[in-house]
$ cat upload-v2.cif   # mmCIF, C-alpha atoms
data_run
#
loop_
_atom_site.group_PDB
_atom_site.id
_atom_site.type_symbol
_atom_site.label_atom_id
_atom_site.label_comp_id
_atom_site.auth_asym_id
_atom_site.auth_seq_id
_atom_site.Cartn_x
_atom_site.Cartn_y
_atom_site.Cartn_z
ATOM 1 C CA MET Q 1 305.844 -80.597 -154.690
ATOM 2 C CA ALA Q 2 308.917 -81.257 -152.647
ATOM 3 C CA TYR Q 3 307.483 -79.051 -149.897
ATOM 4 C CA ILE Q 4 304.208 -81.077 -149.796
ATOM 5 C CA GLN Q 5 306.124 -84.369 -149.629
ATOM 6 C CA ASN Q 6 308.224 -83.040 -146.779
ATOM 7 C CA ALA Q 7 305.101 -81.884 -144.906
ATOM 8 C CA GLN Q 8 303.513 -85.363 -145.280
ATOM 9 C CA PHE Q 9 306.726 -87.009 -144.055
ATOM 10 C CA GLY Q 10 306.788 -84.669 -141.064
ATOM 11 C CA GLY Q 11 303.162 -85.492 -140.240
ATOM 12 C CA ASN Q 12 303.860 -89.225 -140.295
ATOM 13 C CA MET Q 13 306.856 -88.715 -138.051
ATOM 14 C CA LYS Q 14 304.707 -86.782 -135.599
ATOM 15 C CA LYS Q 15 302.027 -89.514 -135.537
ATOM 16 C CA GLN Q 16 304.681 -92.159 -134.980
ATOM 17 C CA THR Q 17 306.249 -90.161 -132.133
ATOM 18 C CA ASN Q 18 302.853 -89.675 -130.460
ATOM 19 C CA ALA Q 19 302.161 -93.416 -130.625
ATOM 20 C CA GLN Q 20 305.547 -94.164 -129.083
ATOM 21 C CA VAL Q 21 304.946 -91.665 -126.276
ATOM 22 C CA ASN Q 22 301.535 -93.209 -125.555
ATOM 23 C CA LYS Q 23 303.067 -96.681 -125.418
ATOM 24 C CA LEU Q 24 305.799 -95.391 -123.118
ATOM 25 C CA HIS Q 25 303.160 -93.925 -120.801
ATOM 26 C CA GLN Q 26 301.319 -97.241 -120.671
ATOM 27 C CA LEU Q 27 304.518 -99.109 -119.924
ATOM 28 C CA THR Q 28 305.446 -96.650 -117.173
ATOM 29 C CA ILE Q 29 302.059 -97.095 -115.503
ATOM 30 C CA ILE Q 30 302.330 -100.911 -115.626
ATOM 31 C CA PHE Q 31 305.919 -100.717 -114.349
ATOM 32 C CA CYS Q 32 304.866 -98.512 -111.414
ATOM 33 C CA LEU Q 33 301.959 -100.809 -110.517
ATOM 34 C CA LEU Q 34 304.337 -103.756 -110.501
ATOM 35 C CA LEU Q 35 306.697 -101.886 -108.200
ATOM 36 C CA ILE Q 36 303.912 -100.975 -105.789
ATOM 37 C CA VAL Q 37 302.877 -104.649 -105.555
ATOM 38 C CA GLY Q 38 306.532 -105.596 -104.982
ATOM 39 C CA CYS Q 39 306.914 -102.979 -102.235
ATOM 40 C CA LYS Q 40 303.769 -104.087 -100.461
ATOM 41 C CA ASN Q 41 304.849 -107.700 -100.279
ATOM 42 C CA ASN Q 42 308.384 -106.803 -99.333
ATOM 43 C CA THR Q 43 307.597 -105.170 -95.980
ATOM 44 C CA PRO Q 44 308.279 -107.454 -93.021
ATOM 45 C CA PRO Q 45 306.232 -106.735 -89.918
ATOM 46 C CA LEU Q 46 307.556 -105.555 -86.589
ATOM 47 C CA TYR Q 47 309.092 -108.295 -84.505
ATOM 48 C CA GLY Q 48 311.162 -108.598 -81.376
ATOM 49 C CA ILE Q 49 313.063 -110.604 -78.803
ATOM 50 C CA SER Q 50 312.074 -110.880 -75.159
ATOM 51 C CA THR Q 51 312.011 -113.631 -72.536
ATOM 52 C CA PRO Q 52 308.930 -113.106 -70.359
ATOM 53 C CA GLY Q 53 308.817 -115.307 -67.265
ATOM 54 C CA LEU Q 54 312.456 -116.390 -67.372
ATOM 55 C CA ILE Q 55 314.395 -115.706 -64.143
ATOM 56 C CA ASN Q 56 317.898 -116.959 -64.910
ATOM 57 C CA PRO Q 57 319.992 -114.089 -66.327
ATOM 58 C CA VAL Q 58 320.307 -113.910 -70.114
ATOM 59 C CA SER Q 59 322.725 -111.029 -70.478
ATOM 60 C CA MET Q 60 324.144 -109.085 -73.397
ATOM 61 C CA SER Q 61 327.072 -107.938 -71.258
ATOM 62 C CA PRO Q 62 329.880 -110.077 -69.783
ATOM 63 C CA ARG Q 63 328.209 -109.787 -66.342
ATOM 64 C CA VAL Q 64 325.216 -111.760 -65.047
ATOM 65 C CA GLY Q 65 325.206 -110.444 -61.483
ATOM 66 C CA VAL Q 66 326.031 -107.351 -59.450
ATOM 67 C CA ASN Q 67 328.960 -108.987 -57.706
ATOM 68 C CA PRO Q 68 332.081 -108.264 -59.797
ATOM 69 C CA HIS Q 69 333.975 -111.100 -58.081
ATOM 70 C CA GLN Q 70 331.414 -113.771 -58.924
ATOM 71 C CA LYS Q 71 333.098 -116.869 -60.302
ATOM 72 C CA PHE Q 72 331.790 -119.020 -63.102
ATOM 73 C CA GLU Q 73 332.785 -121.638 -65.597
ATOM 74 C CA LYS Q 74 331.683 -121.895 -69.179
ATOM 75 C CA VAL Q 75 329.428 -124.872 -69.878
ATOM 76 C CA LYS Q 76 329.014 -124.509 -73.644
ATOM 77 C CA ASP Q 77 328.532 -122.073 -76.484
ATOM 78 C CA PHE Q 78 325.043 -120.878 -77.179
ATOM 79 C CA LEU Q 79 323.864 -120.371 -80.737
ATOM 80 C CA VAL Q 80 320.362 -120.341 -82.085
ATOM 81 C CA ILE Q 81 319.084 -119.166 -85.444
ATOM 82 C CA ALA Q 82 315.396 -118.527 -85.914
ATOM 83 C CA GLN Q 83 314.202 -118.303 -89.480
ATOM 84 C CA LYS Q 84 310.837 -117.780 -91.096
ATOM 85 C CA ASN Q 85 307.833 -119.649 -89.735
ATOM 86 C CA GLN Q 86 309.374 -119.758 -86.255
ATOM 87 C CA TRP Q 87 307.562 -116.735 -84.874
ATOM 88 C CA ASP Q 88 304.658 -116.601 -82.457
ATOM 89 C CA GLU Q 89 301.586 -114.407 -82.794
ATOM 90 C CA ASN Q 90 303.354 -111.529 -81.013
ATOM 91 C CA GLN Q 91 306.115 -111.684 -83.636
ATOM 92 C CA ARG Q 92 308.670 -113.137 -81.226
ATOM 93 C CA PRO Q 93 311.044 -115.804 -82.495
ATOM 94 C CA THR Q 94 309.788 -118.788 -80.486
ATOM 95 C CA GLN Q 95 312.839 -120.852 -81.350
ATOM 96 C CA VAL Q 96 315.128 -118.316 -79.615
ATOM 97 C CA GLN Q 97 313.035 -118.158 -76.457
ATOM 98 C CA SER Q 98 312.640 -121.903 -76.046
ATOM 99 C CA GLN Q 99 316.369 -122.495 -76.655
ATOM 100 C CA MET Q 100 317.274 -119.843 -74.063
ATOM 101 C CA SER Q 101 314.948 -121.433 -71.497
ATOM 102 C CA GLN Q 102 316.282 -124.919 -72.218
ATOM 103 C CA ALA Q 103 319.908 -123.773 -71.915
ATOM 104 C CA VAL Q 104 319.446 -122.539 -68.333
ATOM 105 C CA MET Q 105 316.749 -124.979 -67.248
ATOM 106 C CA GLY Q 106 317.149 -127.122 -64.151
ATOM 107 C CA SER Q 107 319.682 -125.033 -62.251
ATOM 108 C CA GLU Q 108 319.591 -121.729 -60.429
ATOM 109 C CA ARG Q 109 323.313 -121.335 -61.076
ATOM 110 C CA LYS Q 110 323.073 -121.284 -64.846
ATOM 111 C CA ALA Q 111 322.976 -118.183 -67.012
ATOM 112 C CA ILE Q 112 323.763 -116.967 -70.513
ATOM 113 C CA LYS Q 113 326.174 -114.096 -71.099
ATOM 114 C CA ASP Q 114 327.940 -112.180 -73.889
ATOM 115 C CA LEU Q 115 324.903 -112.327 -76.129
ATOM 116 C CA TYR Q 116 325.388 -111.027 -79.657
ATOM 117 C CA ILE Q 117 322.167 -110.580 -81.595
ATOM 118 C CA THR Q 118 322.101 -110.432 -85.373
ATOM 119 C CA ILE Q 119 318.882 -109.297 -86.971
ATOM 120 C CA ILE Q 120 318.433 -109.817 -90.696
ATOM 121 C CA LEU Q 121 315.688 -107.968 -92.476
ATOM 122 C CA GLY Q 122 314.765 -107.715 -96.110
ATOM 123 C CA GLY Q 123 312.606 -109.474 -98.601
ATOM 124 C CA GLY Q 124 315.037 -111.626 -100.525
ATOM 125 C CA VAL Q 125 314.275 -113.020 -103.951
ATOM 126 C CA LEU Q 126 311.005 -114.490 -102.768
ATOM 127 C CA GLY Q 127 310.100 -111.355 -100.860
ATOM 128 C CA HIS Q 128 308.196 -110.131 -103.840
ATOM 129 C CA LEU Q 129 306.114 -113.258 -103.889
ATOM 130 C CA GLY Q 130 304.962 -112.797 -100.318
ATOM 131 C CA ASP Q 131 307.549 -114.961 -98.559
ATOM 132 C CA LYS Q 132 309.727 -113.485 -95.797
ATOM 133 C CA MET Q 133 313.424 -114.190 -95.421
ATOM 134 C CA ARG Q 134 313.879 -112.398 -92.107
ATOM 135 C CA SER Q 135 315.816 -114.206 -89.419
ATOM 136 C CA VAL Q 136 317.488 -113.720 -86.047
ATOM 137 C CA ALA Q 137 320.734 -115.254 -84.825
ATOM 138 C CA VAL Q 138 321.587 -115.172 -81.120
ATOM 139 C CA GLN Q 139 324.979 -116.335 -79.885
ATOM 140 C CA GLY Q 140 326.622 -116.298 -76.481
ATOM 141 C CA ALA Q 141 327.959 -118.559 -73.746
ATOM 142 C CA VAL Q 142 326.111 -120.724 -71.224
ATOM 143 C CA ILE Q 143 327.820 -120.491 -67.840
ATOM 144 C CA GLU Q 144 327.406 -121.981 -64.390
ATOM 145 C CA THR Q 145 328.261 -119.839 -61.388
ATOM 146 C CA TYR Q 146 329.803 -121.099 -58.159
ATOM 147 C CA MET T 1 306.331 -108.817 -127.822
ATOM 148 C CA ARG T 2 308.258 -105.719 -126.785
ATOM 149 C CA LEU T 3 305.743 -105.144 -123.990
ATOM 150 C CA ILE T 4 306.308 -108.643 -122.610
ATOM 151 C CA MET T 5 310.069 -108.127 -122.738
ATOM 152 C CA VAL T 6 309.855 -104.828 -120.869
ATOM 153 C CA LEU T 7 307.537 -106.315 -118.267
ATOM 154 C CA GLY T 8 309.817 -109.324 -117.819
ATOM 155 C CA LEU T 9 312.868 -107.116 -117.482
ATOM 156 C CA SER T 10 311.212 -104.851 -114.936
ATOM 157 C CA PHE T 11 310.111 -107.893 -112.929
ATOM 158 C CA LEU T 12 313.637 -109.327 -112.916
ATOM 159 C CA LEU T 13 315.097 -105.985 -111.843
ATOM 160 C CA SER T 14 312.487 -105.719 -109.145
ATOM 161 C CA MET T 15 313.503 -109.156 -107.847
ATOM 162 C CA ALA T 16 317.177 -108.200 -108.102
ATOM 163 C CA GLN T 17 316.413 -105.351 -105.734
ATOM 164 C CA GLY T 18 315.109 -107.962 -103.289
ATOM 165 C CA CYS T 19 318.393 -109.861 -103.735
ATOM 166 C CA ALA T 20 320.385 -106.742 -102.939
ATOM 167 C CA LEU T 21 318.495 -106.320 -99.701
ATOM 168 C CA TRP T 22 318.804 -109.952 -98.708
ATOM 169 C CA GLY T 23 321.416 -110.285 -96.021
ATOM 170 C CA ALA T 24 321.068 -106.680 -94.978
ATOM 171 C CA GLY T 25 321.016 -106.813 -91.245
ATOM 172 C CA PHE T 26 322.696 -105.558 -88.134
ATOM 173 C CA GLY T 27 324.263 -106.924 -84.969
ATOM 174 C CA LEU T 28 323.525 -105.673 -81.471
ATOM 175 C CA THR T 29 326.003 -105.989 -78.629
ATOM 176 C CA ALA T 30 326.745 -104.574 -75.153
ATOM 177 C CA LYS T 31 330.109 -106.231 -74.577
ATOM 178 C CA LYS T 32 331.732 -103.349 -72.642
ATOM 179 C CA ASN T 33 329.209 -103.031 -69.806
ATOM 180 C CA ASP T 34 330.319 -104.120 -66.321
ATOM 181 C CA PHE T 35 326.786 -104.673 -65.048
ATOM 182 C CA PRO T 36 324.106 -107.203 -66.104
ATOM 183 C CA VAL T 37 322.019 -106.318 -69.173
ATOM 184 C CA THR T 38 319.528 -109.150 -69.211
ATOM 185 C CA PHE T 39 316.433 -110.133 -71.159
ATOM 186 C CA SER T 40 315.058 -112.007 -68.161
ATOM 187 C CA GLU T 41 313.701 -110.546 -64.934
ATOM 188 C CA GLY T 42 316.357 -112.035 -62.656
ATOM 189 C CA ILE T 43 320.033 -111.448 -61.929
ATOM 190 C CA PHE T 44 322.561 -112.759 -59.425
ATOM 191 C CA GLY T 45 322.766 -110.655 -56.249
ATOM 192 C CA HIS T 46 325.682 -109.555 -54.093
ATOM 193 C CA ASN T 47 325.955 -112.985 -52.473
ATOM 194 C CA ASN T 48 325.687 -114.713 -55.859
ATOM 195 C CA GLU T 49 322.101 -115.775 -55.162
ATOM 196 C CA LEU T 50 319.443 -115.616 -57.890
ATOM 197 C CA ILE T 51 317.117 -112.701 -57.201
ATOM 198 C CA GLY T 52 313.801 -111.752 -58.795
ATOM 199 C CA ARG T 53 311.498 -108.768 -58.972
ATOM 200 C CA ASP T 54 310.775 -108.763 -55.212
ATOM 201 C CA ASP T 55 314.393 -107.974 -54.444
ATOM 202 C CA TYR T 56 314.857 -104.874 -56.550
ATOM 203 C CA GLU T 57 313.086 -101.675 -57.456
ATOM 204 C CA VAL T 58 312.722 -100.349 -60.975
ATOM 205 C CA VAL T 59 314.120 -96.823 -60.989
ATOM 206 C CA TYR T 60 313.725 -96.043 -64.667
ATOM 207 C CA HIS T 61 312.133 -97.517 -67.778
ATOM 208 C CA PHE T 62 313.930 -96.557 -70.963
ATOM 209 C CA THR T 63 313.454 -96.874 -74.699
ATOM 210 C CA ILE T 64 316.311 -96.361 -77.138
ATOM 211 C CA LYS T 65 315.600 -95.959 -80.847
ATOM 212 C CA LYS T 66 318.290 -96.874 -83.330
ATOM 213 C CA HIS T 67 318.156 -96.161 -87.025
ATOM 214 C CA HIS T 68 320.523 -98.214 -89.139
ATOM 215 C CA GLN T 69 320.994 -97.554 -92.821
ATOM 216 C CA ALA T 70 323.202 -98.642 -95.691
ATOM 217 C CA TRP T 71 323.587 -97.695 -99.332
ATOM 218 C CA ASN T 72 323.609 -101.273 -100.601
ATOM 219 C CA PHE T 73 324.158 -104.810 -99.342
ATOM 220 C CA ILE T 74 327.979 -104.435 -99.413
ATOM 221 C CA HIS T 75 327.829 -101.349 -97.222
ATOM 222 C CA ALA T 76 325.304 -103.113 -94.989
ATOM 223 C CA ALA T 77 327.687 -106.044 -94.517
ATOM 224 C CA PHE T 78 330.570 -103.788 -93.415
ATOM 225 C CA SER T 79 328.682 -101.360 -91.180
ATOM 226 C CA SER T 80 326.453 -103.730 -89.374
ATOM 227 C CA GLU T 81 327.409 -103.630 -85.676
ATOM 228 C CA ILE T 82 325.665 -101.400 -83.171
ATOM 229 C CA ASP T 83 327.358 -101.326 -79.754
ATOM 230 C CA LEU T 84 324.866 -100.232 -77.116
ATOM 231 C CA SER T 85 327.383 -100.254 -74.239
ATOM 232 C CA ASP T 86 327.876 -96.480 -73.986
ATOM 233 C CA GLU T 87 324.170 -95.752 -74.010
ATOM 234 C CA PHE T 88 323.402 -98.396 -71.367
ATOM 235 C CA GLU T 89 326.290 -97.094 -69.258
ATOM 236 C CA GLY T 90 324.965 -93.538 -69.440
ATOM 237 C CA ILE T 91 321.406 -94.514 -68.490
ATOM 238 C CA VAL T 92 322.460 -96.692 -65.552
ATOM 239 C CA ARG T 93 324.878 -94.064 -64.189
ATOM 240 C CA LEU T 94 322.321 -91.275 -64.552
ATOM 241 C CA HIS T 95 319.758 -93.131 -62.456
ATOM 242 C CA ASN T 96 322.206 -94.712 -59.992
ATOM 243 C CA GLY T 97 321.118 -98.151 -61.105
ATOM 244 C CA GLU T 98 322.896 -101.468 -60.713
ATOM 245 C CA ALA T 99 321.605 -103.462 -63.675
ATOM 246 C CA ILE T 100 319.249 -103.563 -66.625
ATOM 247 C CA VAL T 101 316.523 -106.217 -66.736
ATOM 248 C CA ASN T 102 313.468 -107.061 -68.863
ATOM 249 C CA LEU T 103 315.266 -106.099 -72.036
ATOM 250 C CA LYS T 104 313.165 -106.178 -75.216
ATOM 251 C CA ILE T 105 314.479 -105.652 -78.695
ATOM 252 C CA LYS T 106 312.135 -104.921 -81.560
ATOM 253 C CA ALA T 107 313.158 -104.476 -85.158
ATOM 254 C CA GLU T 108 311.345 -103.085 -88.133
ATOM 255 C CA GLU T 109 312.281 -102.350 -91.697
ATOM 256 C CA THR T 110 311.399 -98.765 -92.444
ATOM 257 C CA VAL T 111 308.660 -98.223 -94.961
ATOM 258 C CA ASP T 112 309.061 -94.487 -95.459
ATOM 259 C CA LEU T 113 309.891 -93.508 -99.056
ATOM 260 C CA LYS T 114 310.075 -97.166 -99.913
ATOM 261 C CA PHE T 115 308.717 -96.664 -103.406
ATOM 262 C CA ALA T 116 311.377 -94.036 -104.162
ATOM 263 C CA ARG T 117 314.112 -96.258 -102.718
ATOM 264 C CA VAL T 118 313.073 -99.233 -104.802
ATOM 265 C CA LEU T 119 312.904 -97.042 -107.908
ATOM 266 C CA ILE T 120 316.440 -95.713 -107.276
ATOM 267 C CA ALA T 121 317.703 -99.269 -106.840
ATOM 268 C CA ILE T 122 316.185 -100.361 -110.132
ATOM 269 C CA LEU T 123 317.433 -97.330 -112.041
ATOM 270 C CA THR T 124 320.979 -98.041 -110.796
ATOM 271 C CA CYS T 125 320.696 -101.816 -111.345
ATOM 272 C CA GLY T 126 321.018 -102.487 -107.616
ATOM 273 C CA LEU T 127 324.301 -100.564 -107.115
ATOM 274 C CA ILE T 128 322.494 -98.076 -104.921
ATOM 275 C CA ALA T 129 319.914 -99.983 -102.936
ATOM 276 C CA PRO T 130 319.257 -97.785 -99.940
ATOM 277 C CA TRP T 131 318.120 -99.864 -96.998
ATOM 278 C CA SER T 132 317.269 -98.876 -93.482
ATOM 279 C CA ALA T 133 315.929 -100.490 -90.369
ATOM 280 C CA LYS T 134 314.795 -99.296 -86.990
ATOM 281 C CA ALA T 135 315.534 -101.036 -83.735
ATOM 282 C CA SER T 136 313.754 -100.227 -80.518
ATOM 283 C CA ILE T 137 315.445 -101.327 -77.292
ATOM 284 C CA GLU T 138 313.410 -101.234 -74.078
ATOM 285 C CA GLY T 139 314.394 -102.135 -70.558
ATOM 286 C CA ASP T 140 314.216 -101.378 -66.828
ATOM 287 C CA VAL T 141 317.065 -99.881 -64.821
ATOM 288 C CA ILE T 142 316.973 -101.439 -61.358
ATOM 289 C CA ARG T 143 318.497 -100.902 -57.941
ATOM 290 C CA LEU T 144 318.681 -103.698 -55.372
ATOM 291 C CA ILE T 145 316.580 -103.273 -52.246
ATOM 292 C CA THR T 146 318.979 -105.289 -50.107
ATOM 293 C CA PRO T 147 321.972 -103.190 -49.035
ATOM 294 C CA THR T 148 325.287 -103.824 -50.737
ATOM 295 C CA PRO T 149 327.999 -105.629 -48.708
ATOM 296 C CA THR T 150 330.191 -102.515 -48.811
ATOM 297 C CA SER T 151 327.527 -100.354 -47.192
ATOM 298 C CA GLN T 152 327.009 -103.080 -44.532
ATOM 299 C CA ASN T 153 330.718 -103.042 -43.795
ATOM 300 C CA ASP T 154 330.675 -99.254 -43.612
ATOM 301 C CA SER T 155 327.978 -99.358 -40.953
ATOM 302 C CA ILE T 156 330.051 -101.633 -38.663
ATOM 303 C CA PRO T 157 331.948 -99.478 -36.171
ATOM 304 C CA PRO T 158 335.699 -100.085 -36.008
ATOM 305 C CA GLN T 159 336.844 -102.135 -33.031
#

$ encode --input "upload-v2.cif" --output "structure tokens"
Amino acid sequence: MAYIQNAQFGGNMKKQTNAQVNKLHQLTIIFCLLLIVGCKNNTPPLYGISTPGLINPVSMSPRVGVNPHQKFEKVKDFLVIAQKNQWDENQRPTQVQSQMSQAVMGSERKAIKDLYITIILGGGVLGHLGDKMRSVAVQGAVIETY
Amino acid sequence: MRLIMVLGLSFLLSMAQGCALWGAGFGLTAKKNDFPVTFSEGIFGHNNELIGRDDYEVVYHFTIKKHHQAWNFIHAAFSSEIDLSDEFEGIVRLHNGEAIVNLKIKAEETVDLKFARVLIAILTCGLIAPWSAKASIEGDVIRLITPTPTSQNDSIPPQ
């Protein structure tokens, strides 16, 4: 009698365990689907910085010309931050380009030097909801040569 | 009820992973170069005049690929500067150039093994949130067509 009772108890345990495993499988599948959706929304597209058409030097180095003895004076600091929704159809940060052009506009002696470019990628909290938190910061110095 | 709790928890963890990646970025600089490295197509010439594409020849077009990665957002914050000076110096010297113009920088978050990376981040509650990005830097190495003042002086016979 005790043996039969034990066998029944074991059977119930087995049924319970199977049900738990099935539920775990379902949860895992839902969890993975959620992750895939999150990953898909969290991928920012390719983007870049360039200044087509601009002639005044916009240099990453401390030099803007080939003459090492060229003299200049600093006009002001240059800092522009382009965040989401400030990108053109070619994925260029329009804010950065227009600010660069404006900074050197009106004089053939003006240039920008010592550019430091910070690129921030990643989805952020809202990345999973389709929003993009990517941004670009460009800082340097506007100079005038003489 | 338990299902809703698990789903809610997984969603929150998934968003936390996004938080961990927020702020992950990198800085690009070329502060050690003693020649122009410009995004535009013009530079100042030997006589300090502004010169354009008619005054130089492109001797080499280059593309540099950079792969930047971090284990989590803290690591990303402390290992975020890429100095391109040495690479630019090497390219310009190799091709006897005088400057780099038409610079273009493109950036892209890598998508390879993204699912696995996100899963690792969630399993470790965001402590290990592997992140990586690729940067592609393009440009033209140029040499001025007009002779340099030193070579002009060399050609003058001593009196």

$ atom_distance --input "upload-v2.cif" --atom1 "CA of Gln69 (chain T)" --atom2 "CA of Ser135 (chain Q)"
17.8 Å

$ residues_around --input "upload-v2.cif" --residues "Lys113 (chain Q)" --least-positions-apart "5" --cutoff "8 Å" --atoms "only C-alpha atoms" --output "PyMOL selection string"
chain Q and resi 57-64+140-143

$ atom_distance --input "upload-v2.cif" --atom1 "CA of Asp140 (chain T)" --atom2 "CA of Ser107 (chain Q)"
24.7 Å

$ resolve_selection --input "upload-v2.cif" --expression "the PyMOL selection byres ((chain Q and resi 69) around 12)" --output "list in words"
Arg63, Val64, Gly65, Val66, Asn67, Pro68, Gln70, Lys71, Phe72, Thr145 and Tyr146 of chain Q; Asp34, Phe35, Phe44, Gly45, His46, Asn47 and Asn48 of chain T

$ closest_residue --input "upload-v2.cif" --among "Q:Lys76, Q:Arg109, Q:Val136, Q:Asp114" --to "Gln95 (chain Q)" --atoms "all atoms listed in the file"
Q:Val136

$ closest_residue --input "upload-v2.cif" --among "Q:Gln102, Q:Gln20, Q:Thr118, Q:Gln83" --to "chain T" --atoms "only C-alpha atoms"
Q:Thr118

$ resolve_selection --input "upload-v2.cif" --expression "the PyMOL selection byres ((chain T and resi 134) around 6)" --output "PyMOL selection string"
chain T and resi 66-67+107-108+133+135

$ atom_distance --input "upload-v2.cif" --atom1 "CA of Thr29 (chain T)" --atom2 "CA of Leu84 (chain T)"
6.1 Å

$ closest_residue --input "upload-v2.cif" --among "T:Arg2, T:Arg93, T:Arg53, T:His68" --to "Ser136 (chain T)" --atoms "all atoms listed in the file"
T:His68

$ closest_residue --input "upload-v2.cif" --among "T:Glu138, T:Glu57, T:Glu41, T:Asp83" --to "chain Q" --atoms "only C-alpha atoms"
T:Glu41
